[in-house]
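Trainee: Pasting a structure below so you can have a look.
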Amino acid sequence: MKKLFLLIIAVVLLHSCKDEVKPKVDVSNISVQFEVERFDQVFYESKPEDFPKIRKQYPFLFPEQFEDSVFINKLNDPVLREVYDEVQLKYKTLGTLVTDIEQLLKYIKHYFPESNTPRVFTMISDFDLESKAIYTPEYLFISLDCYLGKDNKIYESLYDYTLLEREPNQILPDILSSFSYGRIAPPNNKNLLSFMIYKGKELYLKDILLPEVSDHVKIAYSEIQNQFCIENEAQIWSVFIEEKYLFDSNPILEQRFMKPAPFSKFYREIDSETPGRIGQWVGWQIVRSYMENNPKTTIQELLQMDAKELFENSKYKPKK
């Protein structure tokens with residue numbers, strides 16, 4: 001009886017971790033030189049008379065068309081002051097974030113050796129949730145006010161289904177989402193499969209550049225949501241096939257299966273338990289299947305590959 005119990009536990013653990021991808025790449029010999037510059041503290045601890053000096057030091061953060069008065073008003077805005085106070089409570093020091101970013105930059109250098117190591121800044125974004133992390137060849141900007149934790153009072157007005165995206169563990173995945181922009185070939189048509197594969201490539205990029213991060217964190221799901229997808233993958237896939245959604249260009253499908261939402265809209269009983277953005281998750285599994293069956297494909301080739309070609313050569317078939 002004891003052996004049977006242990007076997008059941010082992011099977012459950014194996015099943016729950018089946019989609020975790022942990023590539024083994026040694027980046028210990030790669031050196032990246034950077035420091036995290038706390039522009040949030042520089043700005044909000046300054047005085048109006050400091051602005052000429054700060055503008056000269058950070059010209060790329062002060063558009064010339066704006067007078068100092070614009071930034072002084074921002075400095076004195078009581079709402080933004082409250083946000084800054086919350087940021088300092090959470091991030092007075094950055095803890096392991098610096099070493100986590102260093103490790104990420106090493107992986108980027110390994111897979112994209114031509115890339116530069118950017119200057120890294122922490123900021124207050126005026127609560128701009130669309131620009132949480134911005135990665136450019138020269139700069140990496142991280143808006144700490146967007147990562148205060150799902151229970152922070154600053155987020156009281158947000159929808160519940162978006163709150164996981166406010167967790168600190170989303171900083172690195174969001175950096176990679178920005179890094180991937182322009183490196184992944186945009187969809188060459190508007191059918192659902194193209195959007196699914198596009199997001200699947202982005203999530204696969206997180207697999208190889210964030211190998212120690214759990215799957216549910218990469219896609220900003222709860223562990224329960226990700227486990228639901230694993231356990232119901234075959235049923236979810238069968239609906240896409242039965243309804244002939246993959247090559248349908250109806251824009252409503254992108255809204256139903258790709259965009260943030262409390263749940264995905266199959267208009268079936270499964271809806272209430274199916275997390276939003278389920279099309280992204282399925283696209284991810286298709287890309288993973290392709291790379292498993294075509295291991296000689298480089299990451300650069302994958303990111304540029306046509307969605308239909310990738311799908312047809314993926315041999316994707318969920319286990320029942």
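Numbering starts fresh at 1 for the residues of each chain in the structure tokens, the chains themselves are lettered A, B, ... in the order given, and ligands are numbered from 1 as they appear.
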If you run DSSP on this backbone, which residues of region 34-278 of chain A come out as strand (DSSP E or B), and could you give them as a ChimeraX atom specification?
Mentor: /A:36-38,119-123,133-135,139-143
Trainee: Smallest atom-to-atom distance to Gly149 (chain A): which of A:Lys317, A:Lys90, A:Lys199, A:Lys308, using only C-alpha atoms?
Mentor: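 Looking at the shortest contact to Gly149 (chain A), the residue is A:Lys90.
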Trainee: Going by DSSP on the backbone, which residues of region 75-117 of chain A come out as helix (DSSP H, G or I)? List them as a tab-separated table (two decimals) with N, CA and C atoms, in the first residue's frame.
Mentor:
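Saved as result.tsv:
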chain	number	residue	atom	x	y	z
A	75	LEU	N	6.89	66.26	-9.42
A	75	LEU	CA	7.60	66.03	-8.17
A	75	LEU	C	6.70	66.32	-6.96
A	76	ASN	N	5.83	67.31	-7.10
A	76	ASN	CA	4.99	67.73	-5.98
A	76	ASN	C	3.60	67.13	-6.01
A	78	PRO	N	0.72	64.97	-5.11
A	78	PRO	CA	0.52	64.14	-3.90
A	78	PRO	C	0.26	62.67	-4.22
A	79	VAL	N	-0.41	62.40	-5.33
A	79	VAL	CA	-0.67	61.01	-5.70
A	79	VAL	C	0.63	60.30	-6.04
A	80	LEU	N	1.47	60.97	-6.83
A	80	LEU	CA	2.74	60.36	-7.21
A	80	LEU	C	3.69	60.26	-6.01
A	81	ARG	N	3.59	61.21	-5.09
A	81	ARG	CA	4.39	61.11	-3.87
A	81	ARG	C	3.99	59.87	-3.07
A	82	GLU	N	2.68	59.60	-3.03
A	82	GLU	CA	2.22	58.40	-2.32
A	82	GLU	C	2.73	57.14	-3.01
A	83	VAL	N	2.69	57.14	-4.34
A	83	VAL	CA	3.20	56.00	-5.10
A	83	VAL	C	4.69	55.81	-4.81
A	84	TYR	N	5.43	56.89	-4.81
A	84	TYR	CA	6.87	56.80	-4.52
A	84	TYR	C	7.11	56.23	-3.13
A	85	ASP	N	6.32	56.67	-2.16
A	85	ASP	CA	6.47	56.15	-0.79
A	85	ASP	C	6.24	54.64	-0.75
A	86	GLU	N	5.23	54.18	-1.50
A	86	GLU	CA	4.96	52.75	-1.55
A	86	GLU	C	6.11	51.99	-2.21
A	87	VAL	N	6.70	52.59	-3.23
A	87	VAL	CA	7.84	51.97	-3.90
A	87	VAL	C	9.02	51.84	-2.94
A	88	GLN	N	9.25	52.88	-2.15
A	88	GLN	CA	10.38	52.82	-1.22
A	88	GLN	C	10.15	51.81	-0.10
A	89	LEU	N	8.90	51.65	0.30
A	89	LEU	CA	8.60	50.62	1.29
A	89	LEU	C	8.92	49.22	0.75
A	90	LYS	N	8.61	49.03	-0.52
A	90	LYS	CA	8.82	47.72	-1.14
A	90	LYS	C	10.24	47.53	-1.64
A	91	TYR	N	10.83	48.60	-2.16
A	91	TYR	CA	12.12	48.48	-2.85
A	91	TYR	C	13.14	49.50	-2.33
A	97	LEU	N	17.13	41.34	-7.02
A	97	LEU	CA	16.77	41.78	-8.37
A	97	LEU	C	18.01	42.06	-9.22
A	98	VAL	N	19.03	42.65	-8.62
A	98	VAL	CA	20.24	42.99	-9.38
A	98	VAL	C	20.91	41.73	-9.93
A	99	THR	N	21.06	40.73	-9.09
A	99	THR	CA	21.69	39.49	-9.56
A	99	THR	C	20.79	38.75	-10.55
A	100	ASP	N	19.47	38.85	-10.37
A	100	ASP	CA	18.55	38.23	-11.33
A	100	ASP	C	18.67	38.88	-12.70
A	101	ILE	N	18.76	40.21	-12.72
A	101	ILE	CA	18.93	40.92	-14.00
A	101	ILE	C	20.27	40.56	-14.63
A	102	GLU	N	21.31	40.48	-13.80
A	102	GLU	CA	22.63	40.10	-14.32
A	102	GLU	C	22.57	38.73	-14.99
A	103	GLN	N	21.91	37.76	-14.34
A	103	GLN	CA	21.80	36.43	-14.92
A	103	GLN	C	21.03	36.46	-16.23
A	104	LEU	N	19.96	37.24	-16.27
A	104	LEU	CA	19.18	37.38	-17.50
A	104	LEU	C	20.03	37.97	-18.62
A	105	LEU	N	20.78	39.01	-18.32
A	105	LEU	CA	21.61	39.65	-19.34
A	105	LEU	C	22.69	38.69	-19.85
A	106	LYS	N	23.15	37.80	-18.99
A	106	LYS	CA	24.12	36.78	-19.43
A	106	LYS	C	23.47	35.82	-20.43
A	107	TYR	N	22.26	35.38	-20.13
A	107	TYR	CA	21.56	34.50	-21.07
A	107	TYR	C	21.30	35.21	-22.40
A	108	ILE	N	20.92	36.47	-22.32
A	108	ILE	CA	20.70	37.24	-23.56
A	108	ILE	C	22.00	37.30	-24.36
A	109	LYS	N	23.12	37.54	-23.68
A	109	LYS	CA	24.41	37.63	-24.36
A	109	LYS	C	24.79	36.29	-24.99
A	110	HIS	N	24.41	35.19	-24.33
A	110	HIS	CA	24.72	33.86	-24.87
A	110	HIS	C	23.95	33.60	-26.17
A	111	TYR	N	22.65	33.86	-26.16
A	111	TYR	CA	21.82	33.55	-27.32
A	111	TYR	C	21.81	34.66	-28.37
Trainee: Could you give me, as a Markdown table, a per-residue list for region 154-230 of chain A showing, wherever an atom lies at most 9 Å from an atom of region 286-289 of chain A, the closest pair of atoms and their distance in Å to one decimal, using only C-alpha atoms and sorting by chain then residue number from low to high?
Mentor:
| residue | atom | partner | partner_atom | distance |
| --- | --- | --- | --- | --- |
| A:Met196 | CA | A:Ile286 | CA | 8.8 |
| A:Ile197 | CA | A:Val287 | CA | 6.9 |
| A:Gly200 | CA | A:Val287 | CA | 5.9 |
| A:Lys201 | CA | A:Val287 | CA | 6.3 |
| A:Leu203 | CA | A:Val287 | CA | 8.9 |
| A:Tyr204 | CA | A:Arg288 | CA | 6.8 |
Trainee: Can you write out the residues you just picked, keeping C-alpha atoms, as an mmCIF file, in the first residue's frame?
Mentor:
data_model
loop_
_atom_site.group_PDB
_atom_site.id
_atom_site.type_symbol
_atom_site.label_atom_id
_atom_site.label_comp_id
_atom_site.auth_asym_id
_atom_site.auth_seq_id
_atom_site.Cartn_x
_atom_site.Cartn_y
_atom_site.Cartn_z
ATOM 1 C CA MET A 196 -1.013 32.134 -31.088
ATOM 2 C CA ILE A 197 2.371 31.288 -32.597
ATOM 3 C CA GLY A 200 4.125 31.203 -28.239
ATOM 4 C CA LYS A 201 7.517 32.310 -29.568
ATOM 5 C CA LEU A 203 6.923 32.577 -24.180
ATOM 6 C CA TYR A 204 9.457 30.095 -25.568
#
Trainee: List every residue of region 219-284 of chain A that has an atom at most 6 Å from any atom of region 172-191 of chain A, and for each one report the closest atom pair and its distance in Å to one decimal, counting only C-alpha atoms, with rows sorted by chain and then by increasing residue number, as a tab-separated table.
Mentor:
residue	atom	partner	partner_atom	distance
A:Phe247	CA	A:Asn191	CA	5.1
A:Asp248	CA	A:Asn191	CA	5.1
A:Ser249	CA	A:Asn191	CA	3.9
Trainee: Between A:Leu163, A:Gln300, A:Tyr147, A:Gln41, which residue has the minimum interatomic distance to Phe112 (chain A), considering only C-alpha atoms?
Mentor: A:Gln300
Trainee: Extract, using only C-alpha atoms, all DNA, RNA and protein residues at most 7 Å from Ile278 (chain A), discarding same-chain residues fewer than 4 positions from it, and format them as a PDB file with all heavy atoms, in the first residue's frame.
Mentor:
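So part05.pdb came out as:
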ATOM      1  N   PHE A 257      -9.510  34.822 -27.039  1.00  0.00           N
ATOM      2  CA  PHE A 257      -8.509  33.837 -26.645  1.00  0.00           C
ATOM      3  C   PHE A 257      -7.088  34.379 -26.448  1.00  0.00           C
ATOM      4  O   PHE A 257      -6.233  33.652 -25.946  1.00  0.00           O
ATOM      5  CB  PHE A 257      -8.452  32.714 -27.681  1.00  0.00           C
ATOM      6  CG  PHE A 257      -9.764  32.024 -27.877  1.00  0.00           C
ATOM      7  CD1 PHE A 257     -10.400  32.042 -29.115  1.00  0.00           C
ATOM      8  CD2 PHE A 257     -10.381  31.362 -26.826  1.00  0.00           C
ATOM      9  CE1 PHE A 257     -11.620  31.404 -29.297  1.00  0.00           C
ATOM     10  CE2 PHE A 257     -11.600  30.720 -27.000  1.00  0.00           C
ATOM     11  CZ  PHE A 257     -12.226  30.747 -28.238  1.00  0.00           C
ATOM     12  N   MET A 258      -6.842  35.637 -26.803  1.00  0.00           N
ATOM     13  CA  MET A 258      -5.482  36.165 -26.729  1.00  0.00           C
ATOM     14  C   MET A 258      -5.327  37.328 -25.757  1.00  0.00           C
ATOM     15  O   MET A 258      -4.251  37.542 -25.211  1.00  0.00           O
ATOM     16  CB  MET A 258      -5.014  36.617 -28.120  1.00  0.00           C
ATOM     17  CG  MET A 258      -5.030  35.534 -29.193  1.00  0.00           C
ATOM     18  SD  MET A 258      -3.947  34.138 -28.816  1.00  0.00           S
ATOM     19  CE  MET A 258      -2.351  34.935 -28.833  1.00  0.00           C
ATOM     20  N   SER A 264     -11.293  32.696 -20.683  1.00  0.00           N
ATOM     21  CA  SER A 264     -11.394  32.602 -22.139  1.00  0.00           C
ATOM     22  C   SER A 264     -12.810  32.193 -22.517  1.00  0.00           C
ATOM     23  O   SER A 264     -13.490  31.489 -21.775  1.00  0.00           O
ATOM     24  CB  SER A 264     -10.377  31.590 -22.678  1.00  0.00           C
ATOM     25  OG  SER A 264      -9.055  32.059 -22.477  1.00  0.00           O
ATOM     26  N   VAL A 282      -1.651  27.828 -25.464  1.00  0.00           N
ATOM     27  CA  VAL A 282      -1.627  26.755 -26.464  1.00  0.00           C
ATOM     28  C   VAL A 282      -0.556  27.028 -27.512  1.00  0.00           C
ATOM     29  O   VAL A 282       0.178  26.119 -27.924  1.00  0.00           O
ATOM     30  CB  VAL A 282      -3.009  26.588 -27.120  1.00  0.00           C
ATOM     31  CG1 VAL A 282      -2.951  25.565 -28.256  1.00  0.00           C
ATOM     32  CG2 VAL A 282      -4.050  26.158 -26.078  1.00  0.00           C
TER      33      VAL A 282
END
Trainee: In Å, with one decimal, what is the gap from CA of Leu246 (chain A) to CA of Phe266 (chain A)?
Mentor: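 One can read the CA of Leu246 (chain A) to CA of Phe266 (chain A) distance as 13.4 Å.
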Trainee: Which polymer residues have any atom within 12 Å of an atom of Phe60 (chain A), counting only C-alpha atoms, with same-chain residues fewer than 3 positions away left out, as a ChimeraX atom specification?
Mentor: /A:54-57,63-64,119,121,138-139,141
Trainee: Export, as a short mmCIF file (atom, residue, chain, number, x, y, z; two decimals), in the first residue's frame, the selected residues with N, CA and C atoms.
Mentor:
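Once written, part-v8.cif looks like this:
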data_model
loop_
_atom_site.label_atom_id
_atom_site.label_comp_id
_atom_site.auth_asym_id
_atom_site.auth_seq_id
_atom_site.Cartn_x
_atom_site.Cartn_y
_atom_site.Cartn_z
N ILE A 54 20.01 67.54 -13.02
CA ILE A 54 19.44 66.22 -13.31
C ILE A 54 19.14 66.10 -14.80
N ARG A 55 18.62 67.16 -15.39
CA ARG A 55 18.33 67.12 -16.84
C ARG A 55 19.60 66.90 -17.64
N LYS A 56 20.67 67.50 -17.20
CA LYS A 56 21.95 67.34 -17.91
C LYS A 56 22.47 65.93 -17.75
N GLN A 57 22.23 65.32 -16.58
CA GLN A 57 22.72 63.97 -16.31
C GLN A 57 21.90 62.90 -17.02
N PRO A 63 12.38 65.23 -22.12
CA PRO A 63 12.18 65.78 -23.47
C PRO A 63 12.34 67.30 -23.48
N GLU A 64 13.04 67.81 -24.47
CA GLU A 64 13.37 69.24 -24.53
C GLU A 64 12.14 70.12 -24.62
N ARG A 119 22.18 50.25 -20.15
CA ARG A 119 22.13 50.90 -18.84
C ARG A 119 20.76 50.58 -18.23
N PHE A 121 17.79 51.25 -15.37
CA PHE A 121 17.22 52.28 -14.49
C PHE A 121 15.94 51.78 -13.83
N GLU A 138 20.07 50.52 -25.84
CA GLU A 138 20.87 51.37 -24.94
C GLU A 138 20.41 51.34 -23.50
N TYR A 139 19.09 51.20 -23.28
CA TYR A 139 18.55 51.38 -21.95
C TYR A 139 17.56 50.27 -21.59
N PHE A 141 14.51 50.21 -18.75
CA PHE A 141 13.76 50.95 -17.75
C PHE A 141 12.77 50.02 -17.05
#
